[in-house]
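K.L.:
Pasting input_0.txt here (compact mmCIF, C-alpha atoms):
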# COMPACT_ATOMS: atom_id res chain seq x y z
CA MET A 1 126.31 -69.08 63.18
CA ALA A 2 123.77 -71.49 61.69
CA ASN A 3 122.60 -74.21 64.03
CA ILE A 4 124.50 -77.24 62.77
CA GLN A 5 121.77 -79.52 64.09
CA THR A 6 119.44 -78.18 61.41
CA LEU A 7 121.78 -79.32 58.64
CA ASP A 8 120.05 -81.96 56.54
CA PRO A 9 122.77 -84.22 55.07
CA SER A 10 120.42 -85.35 52.31
CA ALA A 11 119.67 -81.79 51.13
CA SER A 12 122.74 -81.44 48.88
CA PRO A 13 126.33 -82.68 48.51
CA LEU A 14 127.50 -79.51 50.28
CA ASP A 15 125.17 -80.15 53.24
CA TYR A 16 126.35 -83.74 53.44
CA TYR A 17 130.00 -82.64 53.34
CA GLY A 18 129.46 -80.15 56.20
CA TRP A 19 127.51 -82.68 58.26
CA GLU A 20 130.11 -85.41 57.73
CA LEU A 21 133.01 -83.06 58.53
CA ARG A 22 131.40 -82.15 61.85
CA ARG A 23 130.62 -85.79 62.63
CA GLN A 24 134.19 -86.93 61.91
CA ARG A 25 135.73 -83.99 63.79
CA GLU A 26 133.63 -84.68 66.88
CA ALA A 27 134.37 -88.42 66.67
CA HIS A 28 138.04 -87.45 67.04
CA ASN A 29 137.19 -85.14 69.99
CA LEU A 30 138.54 -82.11 68.19
CA LYS A 31 137.28 -78.55 68.40
CA GLN A 32 137.12 -76.58 65.15
CA GLY A 33 140.27 -74.63 66.09
CA GLN A 34 142.16 -77.83 66.93
CA LEU A 35 141.37 -79.41 63.56
CA GLY A 36 142.26 -76.11 61.92
CA ASP A 37 145.69 -76.18 63.59
CA ILE A 38 146.33 -79.71 62.32
CA ILE A 39 145.46 -78.90 58.68
CA PHE A 40 146.86 -75.34 58.65
CA CYS A 41 143.68 -73.30 58.45
CA THR A 42 141.49 -71.31 60.85
CA GLY A 43 138.84 -72.83 63.07
CA SER A 44 136.42 -70.35 61.59
CA LEU A 45 136.99 -71.81 58.10
CA ILE A 46 136.15 -75.26 59.49
CA GLY A 47 132.98 -73.77 60.96
CA GLN A 48 132.02 -72.08 57.69
CA ILE A 49 132.44 -75.33 55.77
CA GLU A 50 130.51 -77.30 58.40
CA THR A 51 127.61 -74.85 58.08
CA THR A 52 127.80 -74.69 54.22
CA LYS A 53 128.86 -71.03 54.24
CA LYS A 54 132.04 -71.89 52.35
CA ILE A 55 132.88 -74.39 49.62
CA PRO A 56 135.67 -76.86 50.48
CA THR A 57 138.59 -77.20 48.07
CA ARG A 58 140.34 -80.39 46.95
CA ASP A 59 143.42 -79.40 48.91
CA PHE A 60 141.37 -78.88 52.09
CA SER A 61 139.63 -82.24 51.57
CA GLU A 62 142.92 -84.12 51.11
CA ARG A 63 144.32 -82.57 54.30
CA VAL A 64 141.18 -83.50 56.27
CA ASP A 65 141.41 -87.09 54.98
CA ALA A 66 145.06 -87.26 56.03
CA ALA A 67 144.42 -85.69 59.44
CA LEU A 68 141.37 -87.77 60.34
CA GLY A 69 142.36 -90.99 58.55
CA THR A 70 139.08 -91.05 56.65
CA GLY A 71 140.37 -93.09 53.72
CA GLY A 72 139.72 -90.51 51.00
CA VAL A 73 136.06 -89.89 51.88
CA PHE A 74 136.33 -86.09 51.67
CA SER A 75 138.54 -86.19 48.58
CA ARG A 76 135.85 -88.19 46.80
CA LEU A 77 132.99 -86.13 48.17
CA VAL A 78 134.47 -82.78 47.14
CA GLY A 79 134.05 -83.69 43.45
CA LEU A 80 130.29 -84.00 43.99
CA VAL A 81 130.24 -80.75 45.97
CA LEU A 82 132.03 -78.80 43.23
CA ARG A 83 129.91 -80.34 40.47
CA SER A 84 126.77 -79.34 42.35
CA GLN A 85 127.87 -75.69 42.12
CA LEU A 86 127.55 -75.76 38.34
CA PRO A 87 124.24 -74.52 36.92
CA THR A 88 121.74 -77.41 36.95
CA TRP A 89 121.26 -77.29 33.19
CA PHE A 90 125.04 -77.47 32.65
CA GLN A 91 125.73 -80.49 34.86
CA PRO A 92 124.79 -83.16 32.25
CA TYR A 93 127.22 -81.56 29.78
CA ALA A 94 130.00 -81.42 32.41
CA ASP A 95 129.47 -85.13 33.09
CA MET A 96 129.76 -85.95 29.37
CA GLU A 97 132.77 -83.66 28.92
CA ALA A 98 134.57 -85.53 31.72
CA ARG A 99 133.97 -88.87 29.95
CA ALA A 100 134.77 -87.79 26.38
CA ALA A 101 137.77 -89.19 24.55
CA TYR A 102 137.79 -86.36 22.01
CA ILE A 103 136.46 -82.81 22.44
CA SER A 104 136.30 -80.42 19.52
CA THR A 105 134.87 -76.96 20.16
CA TYR A 106 134.36 -73.70 18.33
CA GLN A 107 134.18 -70.63 20.54
CA ALA A 108 132.73 -67.49 18.98
CA GLN A 109 133.55 -64.99 21.72
CA LEU A 110 135.28 -66.44 24.77
CA VAL A 111 138.13 -68.76 25.72
CA TYR A 112 136.81 -72.29 26.30
CA GLY A 113 136.17 -73.11 29.98
CA LEU A 114 138.78 -75.88 30.15
CA LEU A 115 141.53 -73.39 29.24
CA GLN A 116 140.41 -70.40 31.30
CA THR A 117 142.64 -68.94 34.00
CA GLU A 118 141.12 -68.43 37.43
CA GLU A 119 141.11 -64.63 37.00
CA TYR A 120 139.46 -64.78 33.56
CA ALA A 121 136.79 -67.18 34.86
CA ARG A 122 136.22 -64.98 37.91
CA ALA A 123 135.71 -61.85 35.80
CA LEU A 124 133.34 -63.72 33.51
CA LEU A 125 131.25 -65.47 36.16
CA GLY A 126 131.12 -62.39 38.37
CA VAL A 127 128.95 -60.57 35.84
CA ASP A 128 125.85 -62.71 36.31
CA HIS A 129 126.67 -64.45 39.60
CA PRO A 130 128.39 -61.90 41.90
CA ASN A 131 127.19 -63.69 45.04
CA LYS A 132 128.28 -67.17 43.95
CA VAL A 133 131.47 -66.37 42.11
CA ASP A 134 133.85 -68.29 44.42
CA GLU A 135 131.81 -71.47 44.16
CA MET A 136 131.35 -71.23 40.41
CA VAL A 137 135.03 -70.49 39.77
CA ALA A 138 135.99 -73.50 41.91
CA ALA A 139 133.60 -75.68 39.92
CA ARG A 140 134.95 -74.43 36.59
CA LEU A 141 138.57 -74.98 37.59
CA ASP A 142 137.67 -78.46 38.80
CA ARG A 143 136.43 -79.30 35.29
CA GLN A 144 139.99 -78.67 34.08
CA ARG A 145 141.34 -81.65 36.01
CA ILE A 146 140.48 -83.90 33.06
CA LEU A 147 143.41 -82.34 31.16
CA LYS A 148 145.83 -83.59 33.83
CA ARG A 149 144.57 -87.16 33.82
CA GLU A 150 146.88 -90.01 32.87
CA ASN A 151 144.79 -90.46 29.72
CA PRO A 152 143.41 -86.99 28.98
CA PRO A 153 140.91 -86.34 26.19
CA ALA A 154 142.18 -85.01 22.88
CA LEU A 155 141.07 -81.38 22.80
CA TRP A 156 140.76 -79.36 19.59
CA ILE A 157 139.78 -75.72 20.05
CA ILE A 158 138.98 -73.16 17.38
CA LEU A 159 138.72 -69.65 18.78
CA SER A 160 137.28 -66.77 16.84
CA GLU A 161 139.73 -63.87 16.74
CA ALA A 162 137.02 -62.09 18.77
CA ALA A 163 137.93 -64.25 21.79
CA LEU A 164 141.43 -62.74 21.76
CA LEU A 165 140.17 -59.16 21.43
CA GLN A 166 137.16 -59.25 23.79
CA GLU A 167 138.69 -57.83 26.97
CA VAL A 168 137.63 -59.80 30.04
CA GLY A 169 138.84 -58.65 33.46
CA GLY A 170 141.25 -56.00 32.15
CA ARG A 171 144.53 -56.05 30.26
CA GLY A 172 146.51 -57.94 32.91
CA VAL A 173 143.95 -60.74 33.05
CA MET A 174 143.90 -60.97 29.24
CA GLN A 175 147.68 -61.04 29.03
CA ALA A 176 147.80 -63.95 31.49
CA GLN A 177 144.95 -65.72 29.68
CA LEU A 178 146.65 -65.53 26.29
CA ALA A 179 149.90 -66.68 27.92
CA ARG A 180 147.96 -69.70 29.23
CA LEU A 181 146.85 -70.52 25.69
CA LEU A 182 150.49 -70.40 24.55
CA ASP A 183 151.42 -72.80 27.38
CA PHE A 184 149.55 -75.52 25.47
CA ARG A 185 151.77 -75.23 22.36
CA ASP A 186 153.74 -78.34 23.28
CA ASP A 187 150.84 -80.32 24.69
CA PRO A 188 150.32 -83.34 22.40
CA TRP A 189 146.61 -83.55 23.30
CA VAL A 190 145.62 -79.89 22.91
CA GLN A 191 145.44 -78.09 19.57
CA ILE A 192 144.40 -74.43 19.37
CA GLN A 193 143.51 -72.67 16.13
CA VAL A 194 142.38 -69.08 15.64
CA LEU A 195 139.74 -68.24 13.05
CA PRO A 196 140.69 -64.75 11.87
CA PHE A 197 138.12 -62.08 11.00
CA SER A 198 139.58 -62.00 7.49
CA VAL A 199 137.93 -65.34 6.57
CA GLY A 200 134.59 -63.53 6.25
CA GLN A 201 131.38 -65.55 6.57
CA HIS A 202 131.80 -69.08 7.89
CA THR A 203 129.90 -72.09 9.22
CA GLY A 204 130.33 -71.12 12.88
CA MET A 205 128.49 -67.83 12.67
CA MET A 206 125.43 -69.18 14.48
CA GLY A 207 127.54 -69.34 17.63
CA SER A 208 129.74 -71.56 19.81
CA PHE A 209 129.32 -75.32 19.72
CA THR A 210 131.10 -78.46 20.90
CA LEU A 211 131.29 -82.03 19.60
CA LEU A 212 132.08 -84.81 22.06
CA ARG A 213 133.27 -88.25 20.95
CA PHE A 214 133.47 -91.27 23.24
CA GLU A 215 135.17 -94.66 23.24
CA ASP A 216 131.90 -96.60 23.32
CA ASP A 217 128.98 -94.16 23.25
CA PRO A 218 127.35 -92.16 20.43
CA ASP A 219 128.76 -88.72 19.62
CA LEU A 220 127.11 -85.70 21.21
CA PHE A 221 126.60 -82.18 19.91
CA TYR A 222 126.29 -79.35 22.42
CA VAL A 223 125.38 -75.77 21.64
CA ASP A 224 125.92 -72.93 24.10
CA SER A 225 122.89 -70.90 25.01
CA TYR A 226 121.25 -69.71 28.20
CA GLU A 227 120.11 -73.24 28.93
CA GLY A 228 122.55 -75.25 26.79
CA HIS A 229 121.26 -77.88 24.35
CA MET A 230 122.76 -81.36 23.87
CA THR A 231 121.75 -83.93 21.26
CA ALA A 232 122.91 -87.26 19.81
CA ASN A 233 120.83 -86.77 16.62
CA SER A 234 122.97 -88.38 13.90
CA GLN A 235 122.00 -85.86 11.21
CA VAL A 236 122.97 -82.93 13.46
CA ILE A 237 126.25 -84.67 14.36
CA LYS A 238 127.02 -85.26 10.67
CA GLU A 239 126.25 -81.68 9.62
CA ARG A 240 128.16 -80.10 12.50
CA SER A 241 131.14 -82.47 12.07
CA VAL A 242 131.45 -81.36 8.45
CA GLY A 243 131.01 -77.76 9.58
CA TYR A 244 133.77 -78.20 12.13
CA ALA A 245 136.11 -79.73 9.56
CA ARG A 246 135.51 -76.69 7.35
CA LEU A 247 136.36 -74.38 10.25
CA GLN A 248 139.57 -76.32 10.87
CA ALA A 249 140.50 -75.99 7.21
CA THR A 250 139.76 -72.24 7.17
CA ALA A 251 141.39 -71.30 10.49
CA LEU A 252 145.06 -70.47 10.90
CA SER A 253 147.35 -73.43 11.55
CA PRO A 254 148.18 -74.10 15.23
CA GLU A 255 151.63 -72.58 14.62
CA ASP A 256 150.30 -69.42 12.95
CA SER A 257 147.59 -69.22 15.62
CA ALA A 258 150.24 -69.20 18.36
CA THR A 259 152.06 -66.41 16.51
CA LEU A 260 148.86 -64.34 16.33
CA ILE A 261 148.03 -64.98 20.02
CA ALA A 262 151.55 -63.87 21.01
CA ARG A 263 151.23 -60.75 18.84
CA VAL A 264 147.85 -59.76 20.31
CA MET A 265 149.17 -60.45 23.81
CA GLU A 266 152.08 -58.06 23.24
CA GLU A 267 150.46 -55.36 21.10
CA ARG A 268 147.05 -55.17 22.78
CA TYR A 269 147.71 -56.22 26.36
CA GLY A 270 151.46 -55.72 26.83
CA ASP A 271 152.86 -53.30 29.39
CA HIS A 272 153.97 -50.59 26.98
CA ASP A 273 154.44 -47.97 29.70
CA HIS A 274 157.73 -49.60 30.66
CA ALA A 275 158.81 -50.66 27.20
As a first step, turn the structure in this file into structure tokens.

P.N.:
Amino acid sequence: MANIQTLDPSASPLDYYGWELRRQREAHNLKQGQLGDIIFCTGSLIGQIETTKKIPTRDFSERVDAALGTGGVFSRLVGLVLRSQLPTWFQPYADMEARAAYISTYQAQLVYGLLQTEEYARALLGVDHPNKVDEMVAARLDRQRILKRENPPALWIILSEAALLQEVGGRGVMQAQLARLLDFRDDPWVQIQVLPFSVGQHTGMMGSFTLLRFEDDPDLFYVDSYEGHMTANSQVIKERSVGYARLQATALSPEDSATLIARVMEERYGDHDHA
């Protein structure tokens, strides 16, 4: 086990979390196993989190706060820990996404991160990051909390039909992912449209992009790439906003999109062996 004394609390949010957890636990004269018993987990998990071997969850943090009477310290800190697990180049976008009042995105190949199931995200992130997949999945799922806020952003998503057909994680994972998309049918703040292959050439063929609008700040345009690019250039915003409006006009209506998603879910990923 790593020597906890060597932990530098200023090295990263995760190091600080582990250092603070140990400090608070020892201040309460608790061994790792004793704290584990109080919050319904193993002492070894406490040890792994204290030595930064494991990423704490929100649930874990809330239970620690309740057990040690720390006034929400760990619940606040865990947000920083999870954010720090995102790729460095992506963190500025995640910050802006969390503040946006209106998010409109076109996705050329994949389901947008805010709507991904845990299994879909795990299959996706495991390709390039097999050794960090738990941490990155936790960070991605944490981004989705903005949809459960009291005042969530309005989210408009246009998915290429390719996103429904590109199999990620196997048929079962895809079936659950498309079911998740259908769960948003009655959500007043989430609109999902599918852009069918039959539309031919269109203004989104250069790839996925997202427009963020804010209550008080300038709009932002973000384009997916290996290092993500974000700009507030007004000419780019104008051109891409018109492009997005054209995609909305060309795509299937939200109702017809839901019908297509349900059909693909059944015909392509359904369990036909027991039909």

K.L.:
Residues near Gly169 (chain A), anyone? I mean within 9 Å using all atoms listed in the file, not counting same-chain ones fewer than 6 positions away, as an MDAnalysis selection string.

P.N.:
chainID A and resid 119:124

K.L.:
Draw an axis-aligned box over all listed atoms of region 93-109 of chain A, pad each side with 6 Å, and write its centre and edge lengths in Å, one decimal, as AutoDock Vina command-line options.

P.N.:
--center_x 132.5 --center_y -77.1 --center_z 25.7 --size_x 22.6 --size_y 36.2 --size_z 26.8

K.L.:
So the first atom is CA of Arg23 (chain A) and the second is CA of Asp95 (chain A); what is the distance between them in Å, to one decimal place?

P.N.:
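Calculated distance between CA of Arg23 (chain A) and CA of Asp95 (chain A) is 29.6 Å.
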
K.L.:
Calculated over all atoms listed in the file, which of the candidates A:Ala138, A:Leu211, A:Ala249, A:Ile38 has the smallest distance to Ser234 (chain A)?

P.N.:
A:Leu211

K.L.:
Grab the CA of Asn233 (chain A) to CA of Phe209 (chain A) distance for me, in Å with one decimal place.

P.N.:
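Spanning CA of Asn233 (chain A) to CA of Phe209 (chain A) is a straight-line distance of 14.6 Å.
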
K.L.:
With distances taken over all atoms listed in the file, which of A:Met206, A:Met96, A:Ala176, A:Leu68 is nearest to Glu118 (chain A)?

P.N.:
A:Ala176

K.L.:
Env of Val236 (chain A): 12 Å cut, atoms = only C-alpha atoms, seq-sep filter 4 positions within chain, self excluded. Answer as a PyMOL selection string.

P.N.:
chain A and resi 209-211+219-223+230-232+240-244

K.L.:
Tell me, counting all atoms listed in the file, for each residue of region 107-143 of chain A within 12 Å of region 75-82 of chain A, which pair of atoms is nearest and how far apart they are in Å to one decimal, in rows ordered by chain and increasing number, as CSV.

P.N.:
residue,atom,partner,partner_atom,distance
A:Asp134,CA,A:Leu82,CA,10.7
A:Glu135,CA,A:Leu82,CA,7.4
A:Met136,CA,A:Leu82,CA,8.1
A:Val137,CA,A:Leu82,CA,9.5
A:Ala138,CA,A:Leu82,CA,6.7
A:Ala139,CA,A:Leu82,CA,4.8
A:Arg140,CA,A:Leu82,CA,8.5
A:Leu141,CA,A:Leu82,CA,9.4
A:Asp142,CA,A:Leu82,CA,7.2
A:Arg143,CA,A:Leu82,CA,9.1

K.L.:
Go through A:Gly69, A:Pro56, A:Gly113, A:Gly36 and flag the residue nearest Gln24 (chain A), using all atoms listed in the file for the distances.

P.N.:
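Going through A:Gly69, A:Pro56, A:Gly113, A:Gly36 one by one, the smallest distance to Gln24 (chain A) is for A:Gly69.
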
K.L.:
Have a look at CA of Phe90 (chain A) and CA of Val168 (chain A) and let me know their distance in Å, one decimal.

P.N.:
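CA of Phe90 (chain A) sits 21.9 Å away from CA of Val168 (chain A).
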
K.L.:
Kindly indicate which residue among A:Ala179, A:Val194, A:Leu110, A:Ala98 lies nearest to Ala154 (chain A), using all atoms listed in the file for the distances.

P.N.:
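Under the stated criterion, the closest residue is A:Ala98.
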
K.L.:
Ranking A:Arg25, A:Tyr112, A:Glu267, A:Glu215 by minimum distance to Ala163 (chain A) and counting all atoms listed in the file, which one comes first?

P.N.:
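Checking each candidate against Ala163 (chain A), we get A:Tyr112 as the closest.
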
K.L.:
Nearest to Asp15 (chain A): which of A:Thr57, A:Ala67, A:Gly33, A:Ser84 is it, counting all atoms listed in the file?

P.N.:
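Checking each of A:Thr57, A:Ala67, A:Gly33, A:Ser84 against Asp15 (chain A), counting all atoms listed in the file, the winner is A:Ser84.
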
K.L.:
List the residues sitting within 8 Å of (134.2, -82.8, 26.4) in the file's frame, using only C-alpha atoms, as number ranges by chain.

P.N.:
A: 93-94, 96-104, 153, 155, 210-213

K.L.:
For Thr250 (chain A), list every protein, DNA or RNA residue within 10 Å, evaluated using only C-alpha atoms, and leave out those in the same chain fewer than 5 positions away; present the list as number ranges by chain.

P.N.:
A: 193-196, 199, 202, 244-245

K.L.:
Extract, using all atoms listed in the file, all DNA, RNA and protein residues at most 12 Å from Glu255 (chain A), discarding same-chain residues fewer than 3 positions from it, and format them as a PyMOL selection string.

P.N.:
chain A and resi 182+184-186+191-194+251-252+258-262

K.L.:
Counting all atoms listed in the file, write as number ranges by chain all protein and nucleic acid residues lying at most 12 Å from (131.9, -73.8, 55.5) in the file's frame.

P.N.:
A: 1-2, 4, 7, 14-22, 32, 42-57, 60, 81, 135
